[in-house]
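Worksheet: the structure to be examined is printed underneath.
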Amino acid sequence: MKKNDFIVRFAGEGGQGVVTSAEGLAQAATQVGYHAQTFATFPSQIMGGPTWTQTRISTSPVRSSGDELDVLVAFNEEGYNTHKDEVREGGVIIFNSEGFGSELDERSFGMAFDELAKSTGNARAANMVVMGALAYLVNMPQSILEEFVTKRFTRGRDEDAQIIESNIKALSLGRQEVAKSKFSLGDLAEVTKPDYDQILVNGNTALSLGAMAAGLNFYVGYPISPATSVLIWMERNLAGAGKFVYQVSSEIEAITALIGGGYAGKKAMTATAGPGFSLMGEGLGLAWMAEIPLVVIDVQRGGPATGLPTKTEQSDLFSTIFPAHGDVRLPVIAPGTVEECFHAAVIAMNWAERYQGPVVVLSEHALSERNQNIAKPDLSKLKIENRKVYKGDNGYQRYEAQELSEMPLPGGPGAYVANGSEHDGMGDTTHLAKRHVDMTHRRWGKLKLLEDGTYEKENTDADIAILPWGGSKGPAREAYEQLVADGEKIGWYYTMFLHPMPPALVKSLRKKRLVLVPELNYQGQLAFILRANGIKAEAITQYTGLPFKIKDLARRITERIREEKAVTATS
Amino acid sequence: MSAKNPEYDFKWCPGCGDFGVRRAIDAALQQRHVETELPIANNVVVAGIGCSGNMVHLLEGEQPFGFHGIHGRALPIAFGVRMANPDLNVMVVAGDGDFLSIGMEHIAPQAARNLNITAVVMDNGVYGLTKGQSSPTSHLGAITSSTPFGKVEDEAHPLELYLSFGVSYIHSQMSSKVKDLSAAIVDAMNHPGFAIVHVQSPCTTYNDTYELLKGSVKKGIEPQAWEIPADHDVSDREAARALVRKGGVPLGLLYKNTSRPSFDQRVKEMNKKVKVNSVEQLIDALAI
């Protein structure tokens with residue numbers, strides 16, 4: 001039987017080509033029709049430090065970066081020692097034999113990555129040596145990689161031909177070298193290219209593209225891992241008439257500048273991570289109070305405080321839903337895949353315009369760096385919403401209506417005061433009890449406009465269900481499919497709309513005997529919120545800075561189901 | 001707006017300097033309206049909070065757009081408004097607590113950008129609305145509700161700070177000189193860059209400095225305020241610094257630099273280097 005799934009981990013020092021190898025493999029594989037997903041994790045330092053990446057190639061869409069490794073490529077000894085135990089039985093380790101001292105076992109094979117690269121006349125081709133070796137192990141035709149190299153290095157420069165030649169030579173050398181090992185992992189099943197257009201994109205770029213497709217024209221940000229790549233992308237690409245992008249002096253300046261931009265009619269957005277989001281709290285309360293449309297992306301990392309800046313976690317749910325003092329609860333959309341990142345950004349921009357207030361997109365480190373092949377977004381099918389703008393006479397009471405009202409824009413008719421103090425219809429400060437009650441109802445009532453979120457459901461008659469959120473969707477889905485294949489009776493529910501949640505979903509979940517929520521935080525934050533909504537929810541937590549493994553999740557879910565059934569049997 | 005609005009019940013204390021500032025702002029907006037023929041709605045007045053923040057509700061002329069935001073953040077909100085729509089005339093109104101304490105971090109970036117906005121700072125040397133705590137401009141040793149044994153910090157020197165930050169237009173005024181103040185605000189709004197009009201606006205309840213500023217022959221008090229001499233070279237930053245260091249409160253245009261490009265110009269220049277791609281093109285670049 002041919003292999004349908006191929007998982008490779010690259011481990012070494014930052015700067016050794018660990019990241020480019022993983023991305024290159026994904027690119028080469030997707031070009032001929034495989035599906036691929038990459039994963040990257042590294043320490044918070046400019047150069048070096050233990051870094052590892054993973055590429056999973058499959059004949060069907062990839063949901064997670066996978067558990068056990070077919071191949072570990074160790075660029076140094078530390079990488080070898082740290083990751084060797086995660087190689088599956090029958091798997092292979094290729095290591096850089098330059099400077100290795102360990103006693104190695106029979107499944108390991110050493111190659112001089114750099115020396116082989118140098119012999120091609122291109123010292124930077126070490127990752128091509130590795131790729132050639134990998135292709136040999138799963139009997140991937142050399143032509144696939146040659147096509148990739150040719151495409152990648154055709155950049156309209158004089159030296160293109162020479163670079164392509166040396167890289168192709170490196171591929172061959174890698175192949176020849178690993179052939180000496182006599183290792184083989186079996187043939188990777190062949191694929192045909194899908195009949196629809198695809199792009200290879202990571203989560204942060206997908207968010208950026210989605211926001212821009214939805215009409216983003218005002219971006220103000222501040223660098224912070226793992227959200228910086230959104231700022232960098234915007235600085236390069238959010239250009240042209242009527243668009244503004246700027247790096248400001250702090251997250252406090254960013255959120256308040258967005259408020260100014262949203263107030264003056266722009267579709268405004270920023271991206272940050274936990275520490276920056278905390279600084280934005282007061283500003284988000286102001287945007288809620290003064291009813292200013294804007295979007296904040298929080299790309300979560302490990303917390304609290306500086307926490308784990310380059311590791312993944314899902315621990316900002318509380319602080320994004322409840323970001324500020326007073327009666328505030330923000331709309332939060334948490335994408336679970338790279339493709340959902342694109343759509344989450346589009347919908348967040350629409351929601352902000354629709355209810356005239358701040359909306360949060362809750363992403364996470366694992367998604368931000370993940371490269372994945374997705375169907376090319378069809379922009380003609382996107383529904384783009386714009387706020388209702390006031391066009392009448394002066395003397396307008398912007399805040400008078402019970403729910404939504406048209407928004408005047410500075411320069412136009414209907415001058416009013418946008419106010420962070422409790423205010424009357426005109427926006428003047430007031431302390432009247434009745435006004436505070438009415439205005440509170442107005443602000444909360446508008447959330448009803450956002451109850452159009454969709455959700456996934458399967459095996460709805462099971463009384464125990466699993467409901468993952470965000471980036472845990474992938475591993476949870478694989479665990480779920482395994483459990484179902486094993487005959488377990490369990491339901492599947494998923495939504496990226498964490499607030500407001502689709503009402504029909506909440507209704508269904510309330511009927512369940514137990515809802516298991518896999519989430520990457522200590523407290524079980526979504527389960528906590530679901531319980532407050534009358535749902536018997538229980539979290540399955542992990543807080544290692546890494547995503548769930550499928551087998552761990554499957555085991556923990558099974559154990560919990562057994563426990564629950566034992567309770568029934570004894571009662 | 002307040003006269004028409006029974007729900008709004010905020011009042012400045014009798015004799016508050018902010019009354020004078022209000023008259024000056026109303027007059028300046030009106031004058032700009034007449035001179036530019038642009039509607040009053042073309043102006044946005046952005047405030048933080050406190051007594052000064054209520055300015056946006058208390059203006060008496062035709063209503064401009066207003067933003068009564070949060071403590072200390074009027075400048076970055078104004079930055080956002082201005083960059084969202086460069087056709088707007090954006091004015092910040094703030095007190096010394098709002099502008100120079102919690103909001104201090106926002107002055108330098110706007111100065112470095114030379115953002116095209118005007119800030120009118122009402123300095124009364126005290127936190128008024130929270131009932132008399134010390135502010136950055138309260139003097140060393142000042143007895144206030146939060147410094148019952150005397151303030152232990154040195155007082156801030158706002159004009160020197162503005163000069164050091166590179167604020168390109170700095171005007172110092174007094175709230176009781178409404179005509180001069182109004183002219184200063186008009187001039188500041190016409191300045192292509194970041195303009196600050198720093199106004200002594202005494203708090204009659206917690207820090208009544210009228211007598212100190214104007215002096216009293218009867219009580220033998222020398223006036224702290226003095227007019228900047230007509231021969232002062234407003235383009236000379238060092239001369240401005242020397243004037244400020246003479247002490248007291250200089251009144252008049254202290255510094256004006258029109259040689260530095262405004263933020264509008266800087267952004268325009270930068271945009272010439274940018275290649276504009278459509279979303280479609282950006283997506284196509286990622287095609288497999």
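Each chain of the structure tokens is named A, B, ... in the order shown, its residues numbered from 1; ligands are numbered from 1 in display order.
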TODO: Compile the contact shell of Thr204 of chain B as JSON, numbers by chain: residues with an atom at most 8 Å away, counting only C-alpha atoms, same-chain residues fewer than 4 positions apart removed.
DONE: {"B": [13, 14, 15, 16, 17, 208, 209]}
Just the selected residues (N, CA, C and O atoms), exported as a PDB file, in the first residue's frame, please.
ATOM      1  N   CYS B  13     -16.619  76.289  37.341  1.00  0.00           N
ATOM      2  CA  CYS B  13     -16.802  77.182  38.480  1.00  0.00           C
ATOM      3  C   CYS B  13     -16.802  78.642  37.998  1.00  0.00           C
ATOM      4  O   CYS B  13     -16.154  78.959  37.002  1.00  0.00           O
ATOM      5  N   PRO B  14     -17.480  79.519  38.725  1.00  0.00           N
ATOM      6  CA  PRO B  14     -17.444  80.940  38.348  1.00  0.00           C
ATOM      7  C   PRO B  14     -15.998  81.433  38.270  1.00  0.00           C
ATOM      8  O   PRO B  14     -15.189  81.127  39.144  1.00  0.00           O
ATOM      9  N   GLY B  15     -15.687  82.151  37.201  1.00  0.00           N
ATOM     10  CA  GLY B  15     -14.349  82.719  37.054  1.00  0.00           C
ATOM     11  C   GLY B  15     -13.329  81.772  36.451  1.00  0.00           C
ATOM     12  O   GLY B  15     -12.174  82.148  36.242  1.00  0.00           O
ATOM     13  N   CYS B  16     -13.714  80.546  36.156  1.00  0.00           N
ATOM     14  CA  CYS B  16     -12.783  79.558  35.580  1.00  0.00           C
ATOM     15  C   CYS B  16     -12.162  80.098  34.294  1.00  0.00           C
ATOM     16  O   CYS B  16     -12.847  80.690  33.456  1.00  0.00           O
ATOM     17  N   GLY B  17     -10.872  79.891  34.156  1.00  0.00           N
ATOM     18  CA  GLY B  17     -10.176  80.343  32.954  1.00  0.00           C
ATOM     19  C   GLY B  17     -10.723  79.722  31.686  1.00  0.00           C
ATOM     20  O   GLY B  17     -10.632  80.310  30.600  1.00  0.00           O
ATOM     21  N   ASP B 208      -6.022  79.505  42.280  1.00  0.00           N
ATOM     22  CA  ASP B 208      -6.342  80.791  41.641  1.00  0.00           C
ATOM     23  C   ASP B 208      -5.065  81.602  41.446  1.00  0.00           C
ATOM     24  O   ASP B 208      -4.532  82.181  42.388  1.00  0.00           O
ATOM     25  N   THR B 209      -4.569  81.629  40.221  1.00  0.00           N
ATOM     26  CA  THR B 209      -3.285  82.282  39.940  1.00  0.00           C
ATOM     27  C   THR B 209      -3.455  83.602  39.190  1.00  0.00           C
ATOM     28  O   THR B 209      -2.474  84.174  38.708  1.00  0.00           O
TER      29      THR B 209
END
Task: Selection: 9 Å around segment 142-150 of chain A, only C-alpha atoms, excl. self and same-chain fewer than 6 positions, as a ChimeraX atom specification - done: /A:24-25,27-29,31-32,128,131-132,135-136,160-161,164-165,167-168,171-172,175
Open item on the list: So that I can check the surroundings of Asn4 of chain A, please list as a list in words every protein, DNA and RNA residue that reaches within 8 Å of it, counting only C-alpha atoms and ignoring chain neighbours fewer than 6 positions away.
Closed with: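 Result of the neighbour search: Ser58, Thr59, Ser60, Leu188 and Ala189 of chain A.
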Prev. selection, N, CA, C and O atoms, output as a JSON list (two decimals), in the first residue's frame:
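Once written, part20.json looks like this:
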[["chain", "number", "residue", "atom", "x", "y", "z"],
["A", 58, "SER", "N", 0.15, 15.33, 2.39],
["A", 58, "SER", "CA", -0.89, 14.32, 2.36],
["A", 58, "SER", "C", -1.61, 14.32, 1.03],
["A", 58, "SER", "O", -1.57, 15.32, 0.30],
["A", 59, "THR", "N", -2.28, 13.21, 0.76],
["A", 59, "THR", "CA", -3.08, 13.16, -0.46],
["A", 59, "THR", "C", -4.47, 13.76, -0.24],
["A", 59, "THR", "O", -5.22, 13.95, -1.18],
["A", 60, "SER", "N", -4.82, 14.04, 1.01],
["A", 60, "SER", "CA", -6.08, 14.71, 1.31],
["A", 60, "SER", "C", -5.78, 15.95, 2.16],
["A", 60, "SER", "O", -4.69, 16.07, 2.71],
["A", 188, "LEU", "N", 5.19, 7.34, -1.79],
["A", 188, "LEU", "CA", 4.11, 8.28, -1.52],
["A", 188, "LEU", "C", 3.10, 8.17, -2.67],
["A", 188, "LEU", "O", 3.49, 8.20, -3.85],
["A", 189, "ALA", "N", 1.82, 8.00, -2.33],
["A", 189, "ALA", "CA", 0.80, 7.84, -3.36],
["A", 189, "ALA", "C", 0.80, 9.05, -4.29],
["A", 189, "ALA", "O", 1.04, 10.17, -3.85]]
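With only C-alpha atoms as the atoms that count, the minimum distance from Leu251 of chain B to the choices B:Ala195, B:Ala188, B:Cys51, B:Ile170 is reached by B:Ile170.
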Task: For chain B, the nearest of the candidates A:Pro500, A:Pro309, A:Gly414, A:Gly186, counting only C-alpha atoms - done: A:Gly414
Taking only C-alpha atoms into account, produce a table as a tab-separated table in which each residue of chain A with an atom at most 8 Å from an atom of chain B appears once, together with its shortest atom pair and the distance in Å to one decimal, ordered by chain and rising number.
residue	atom	partner	partner_atom	distance
A:Gln27	CA	B:Ile288	CA	7.5
A:Thr30	CA	B:Ile288	CA	6.7
A:Gln31	CA	B:Ile288	CA	5.5
A:Asp197	CA	B:Ala287	CA	7.4
A:Gln198	CA	B:Ile288	CA	5.8
A:Ile199	CA	B:Ala287	CA	4.2
A:Leu200	CA	B:Leu286	CA	5.8
A:Val201	CA	B:Leu286	CA	6.7
A:Leu209	CA	B:Val279	CA	6.8
A:Met212	CA	B:Val279	CA	6.7
A:Ala213	CA	B:Val279	CA	6.1
A:Phe218	CA	B:Ala84	CA	7.2
A:Arg236	CA	B:Val274	CA	7.5
A:Asn237	CA	B:Asn277	CA	6.8
A:Leu238	CA	B:Val276	CA	7.9
A:Ala239	CA	B:Val276	CA	5.5
A:Gly240	CA	B:Val276	CA	5.8
A:Gly242	CA	B:Ala84	CA	7.9
A:Phe244	CA	B:Met83	CA	7.0
A:Val248	CA	B:Pro109	CA	7.9
A:Ser249	CA	B:Pro109	CA	6.9
A:Glu253	CA	B:Pro76	CA	5.5
A:Ala254	CA	B:Pro76	CA	7.8
A:Thr256	CA	B:Ile77	CA	5.0
A:Ala257	CA	B:Gly80	CA	4.0
A:Leu258	CA	B:Gly80	CA	5.9
A:Ile259	CA	B:Ile77	CA	6.3
A:Gly260	CA	B:Gly80	CA	4.2
A:Gly261	CA	B:Gly80	CA	4.5
A:Gly262	CA	B:Ala84	CA	8.0
A:Tyr263	CA	B:Val81	CA	7.1
A:Ala264	CA	B:Val81	CA	5.5
A:Gly265	CA	B:Ala84	CA	7.2
A:Lys266	CA	B:Ala84	CA	6.2
A:Gly283	CA	B:Ile70	CA	7.7
A:Leu286	CA	B:Gly69	CA	7.0
A:Asn373	CA	B:Ile288	CA	7.9
A:Lys376	CA	B:Ile283	CA	7.6
A:Leu379	CA	B:Glu280	CA	7.8
A:Pro410	CA	B:Phe65	CA	5.9
A:Gly411	CA	B:Asn42	CA	4.3
A:Gly412	CA	B:Ala41	CA	6.3
A:Pro413	CA	B:Ala41	CA	7.0
A:Ala415	CA	B:Phe65	CA	4.7
A:Tyr416	CA	B:Phe65	CA	5.5
A:Val417	CA	B:Gly66	CA	4.2
A:Ala418	CA	B:Phe67	CA	4.7
A:Asn419	CA	B:His68	CA	4.7
A:Gly420	CA	B:Gly69	CA	5.2
A:Ser421	CA	B:His68	CA	7.5
A:Asp424	CA	B:Glu7	CA	7.4
A:Asp428	CA	B:His57	CA	6.2
A:Thr429	CA	B:Tyr8	CA	5.7
A:Thr430	CA	B:Tyr8	CA	5.3
A:His431	CA	B:Glu7	CA	7.8
A:Leu432	CA	B:Glu7	CA	7.3
- [ ] Show which residues sit within 6 Å of segment 340-344 of chain A, as an MDAnalysis selection string. Count only C-alpha atoms, and ignore same-chain residues fewer than 3 positions away.
- [x] chainID A and resid 203 206:207 210 335 337 347:348
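Across A:Glu106, A:Glu282, A:Glu488, A:Glu451, the tightest approach to Arg562 of chain A is made by A:Glu488 when counting only C-alpha atoms.
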Task: Atomic separation - atom CA of Ser175 of chain B relative to atom CA of Glu227 of chain B, Å - done: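 Value for the atom CA of Glu227 of chain B-atom CA of Ser175 of chain B distance: 14.3 Å.
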Task: Contacts of Ile143 of chain B at 12 Å (only C-alpha atoms; same-chain gap of 3+ positions) as a list of chain:residue names - done: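 Counting only the stated atoms, we get B:Gly125, B:Val126, B:Gly132, B:Gln133, B:Ser134, B:Ser135, B:Ser138, B:His139, B:Leu140, B:Ser146, B:Thr147, B:Pro148, B:Phe149, B:Gly150, B:Lys151, B:Val152, B:Glu153, B:Tyr206, B:Asn207.
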TODO: Find the residues near Asp236 of chain B: any atom within 10 Å, counting only C-alpha atoms, skip ones fewer than 4 places away on the same chain, and give them as a list of chain:residue names.
DONE: B:His232, B:Ala240, B:Arg241, B:Leu254, B:Tyr255, B:Lys256, B:Asn257
Task: Counting only C-alpha atoms, the option among A:Val62, A:Met140, A:Ala117, A:Ala324 closest to Gly474 of chain A - done: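 Of all the options, A:Val62 lies closest to Gly474 of chain A.
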Task: Top pick for closest residue to Lys169 of chain A, considering A:Ser21, A:Asn122, A:Ser319, A:Thr541 and counting only C-alpha atoms - done: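 Nearest to Lys169 of chain A: A:Asn122.
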Open item on the list: I need the residue nearest Ser363 of chain A from this list: A:Ile297, A:Leu382, A:Pro304, A:Val328. Use only C-alpha atoms for the distance.
Closed with: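 Of A:Ile297, A:Leu382, A:Pro304, A:Val328, the one nearest Ser363 of chain A, counting only C-alpha atoms, is A:Ile297.
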- [ ] Write out as a count of residues only all residues of segment 432-536 of chain A that DSSP puts in strand (DSSP E) for this structure's backbone.
- [x] 19
Open item on the list: With DSSP run on the backbone, what are the helix (DSSP H, G or I) residues within segment 4-219 of chain B? I'd like them as a VMD selection string.
Closed with: chain B and resid 4 17 to 36 40 to 42 52 to 58 74 to 84 96 to 102 104 to 113 158 to 165 178 to 190 210 to 214
Mind checking which residues fall within 10 Å of Phe95 of chain A, counting only C-alpha atoms, ignoring those fewer than 2 positions away in the same chain, and posting them as a PDB file with N, CA and C atoms, in the first residue's frame?
ATOM      1  N   PHE A  10      12.053  19.157  10.931  1.00  0.00           N
ATOM      2  CA  PHE A  10      13.390  19.724  10.770  1.00  0.00           C
ATOM      3  C   PHE A  10      13.769  20.370  12.098  1.00  0.00           C
ATOM      4  N   ALA A  11      14.900  19.957  12.660  1.00  0.00           N
ATOM      5  CA  ALA A  11      15.279  20.512  13.960  1.00  0.00           C
ATOM      6  C   ALA A  11      16.731  20.953  13.940  1.00  0.00           C
ATOM      7  N   GLY A  12      16.971  22.105  14.489  1.00  0.00           N
ATOM      8  CA  GLY A  12      18.344  22.612  14.523  1.00  0.00           C
ATOM      9  C   GLY A  12      18.403  23.978  15.152  1.00  0.00           C
ATOM     10  N   LEU A  72      12.953  12.540  10.791  1.00  0.00           N
ATOM     11  CA  LEU A  72      13.501  13.684  11.509  1.00  0.00           C
ATOM     12  C   LEU A  72      14.765  14.099  10.782  1.00  0.00           C
ATOM     13  N   VAL A  73      14.829  15.382  10.407  1.00  0.00           N
ATOM     14  CA  VAL A  73      16.063  15.909   9.838  1.00  0.00           C
ATOM     15  C   VAL A  73      16.724  16.736  10.932  1.00  0.00           C
ATOM     16  N   ALA A  74      17.855  16.222  11.445  1.00  0.00           N
ATOM     17  CA  ALA A  74      18.521  16.919  12.543  1.00  0.00           C
ATOM     18  C   ALA A  74      19.712  17.702  12.005  1.00  0.00           C
ATOM     19  N   PHE A  75      19.623  19.030  12.108  1.00  0.00           N
ATOM     20  CA  PHE A  75      20.703  19.878  11.605  1.00  0.00           C
ATOM     21  C   PHE A  75      21.857  19.945  12.606  1.00  0.00           C
ATOM     22  N   ASN A  76      21.566  19.611  13.855  1.00  0.00           N
ATOM     23  CA  ASN A  76      22.643  19.577  14.854  1.00  0.00           C
ATOM     24  C   ASN A  76      22.328  18.496  15.898  1.00  0.00           C
ATOM     25  N   GLU A  77      23.263  18.320  16.817  1.00  0.00           N
ATOM     26  CA  GLU A  77      23.150  17.232  17.782  1.00  0.00           C
ATOM     27  C   GLU A  77      21.983  17.459  18.762  1.00  0.00           C
ATOM     28  N   GLY A  79      19.248  19.016  18.178  1.00  0.00           N
ATOM     29  CA  GLY A  79      18.013  18.696  17.464  1.00  0.00           C
ATOM     30  C   GLY A  79      17.780  17.191  17.429  1.00  0.00           C
ATOM     31  N   TYR A  80      18.849  16.474  17.239  1.00  0.00           N
ATOM     32  CA  TYR A  80      18.764  15.006  17.209  1.00  0.00           C
ATOM     33  C   TYR A  80      18.269  14.474  18.551  1.00  0.00           C
ATOM     34  N   VAL A  92      12.800   7.277  10.008  1.00  0.00           N
ATOM     35  CA  VAL A  92      14.196   7.488   9.657  1.00  0.00           C
ATOM     36  C   VAL A  92      14.687   8.824  10.214  1.00  0.00           C
ATOM     37  N   ILE A  93      15.939   8.838  10.626  1.00  0.00           N
ATOM     38  CA  ILE A  93      16.550  10.109  11.023  1.00  0.00           C
ATOM     39  C   ILE A  93      17.713  10.412  10.089  1.00  0.00           C
ATOM     40  N   SER A  97      26.098  15.152   9.581  1.00  0.00           N
ATOM     41  CA  SER A  97      27.205  14.422  10.207  1.00  0.00           C
ATOM     42  C   SER A  97      28.375  15.324  10.574  1.00  0.00           C
ATOM     43  N   GLU A  98      28.290  16.604  10.174  1.00  0.00           N
ATOM     44  CA  GLU A  98      29.384  17.522  10.495  1.00  0.00           C
ATOM     45  C   GLU A  98      29.269  17.945  11.957  1.00  0.00           C
ATOM     46  N   PHE A 100      29.059  15.911  14.716  1.00  0.00           N
ATOM     47  CA  PHE A 100      28.219  15.080  15.555  1.00  0.00           C
ATOM     48  C   PHE A 100      29.068  14.157  16.407  1.00  0.00           C
ATOM     49  N   LEU A 104      24.929   6.740  17.406  1.00  0.00           N
ATOM     50  CA  LEU A 104      23.636   6.785  16.747  1.00  0.00           C
ATOM     51  C   LEU A 104      23.117   5.387  16.466  1.00  0.00           C
ATOM     52  N   SER A 108      19.326   5.752  11.920  1.00  0.00           N
ATOM     53  CA  SER A 108      19.850   7.088  11.632  1.00  0.00           C
ATOM     54  C   SER A 108      20.886   7.037  10.534  1.00  0.00           C
ATOM     55  N   PHE A 109      20.910   8.102   9.736  1.00  0.00           N
ATOM     56  CA  PHE A 109      21.881   8.150   8.651  1.00  0.00           C
ATOM     57  C   PHE A 109      22.488   9.547   8.582  1.00  0.00           C
ATOM     58  N   GLY A 110      23.812   9.599   8.566  1.00  0.00           N
ATOM     59  CA  GLY A 110      24.489  10.889   8.561  1.00  0.00           C
ATOM     60  C   GLY A 110      24.888  11.329   7.163  1.00  0.00           C
ATOM     61  N   MET A 111      24.719  12.636   6.931  1.00  0.00           N
ATOM     62  CA  MET A 111      25.152  13.210   5.655  1.00  0.00           C
ATOM     63  C   MET A 111      25.818  14.550   5.969  1.00  0.00           C
ATOM     64  N   ALA A 112      26.826  14.906   5.179  1.00  0.00           N
ATOM     65  CA  ALA A 112      27.488  16.192   5.398  1.00  0.00           C
ATOM     66  C   ALA A 112      26.743  17.265   4.611  1.00  0.00           C
ATOM     67  N   PHE A 113      25.684  17.836   5.223  1.00  0.00           N
ATOM     68  CA  PHE A 113      24.793  18.781   4.517  1.00  0.00           C
ATOM     69  C   PHE A 113      25.585  19.907   3.847  1.00  0.00           C
ATOM     70  N   VAL A 130      18.998  18.232   1.576  1.00  0.00           N
ATOM     71  CA  VAL A 130      18.043  17.553   2.458  1.00  0.00           C
ATOM     72  C   VAL A 130      16.778  17.165   1.692  1.00  0.00           C
TER      73      VAL A 130
END
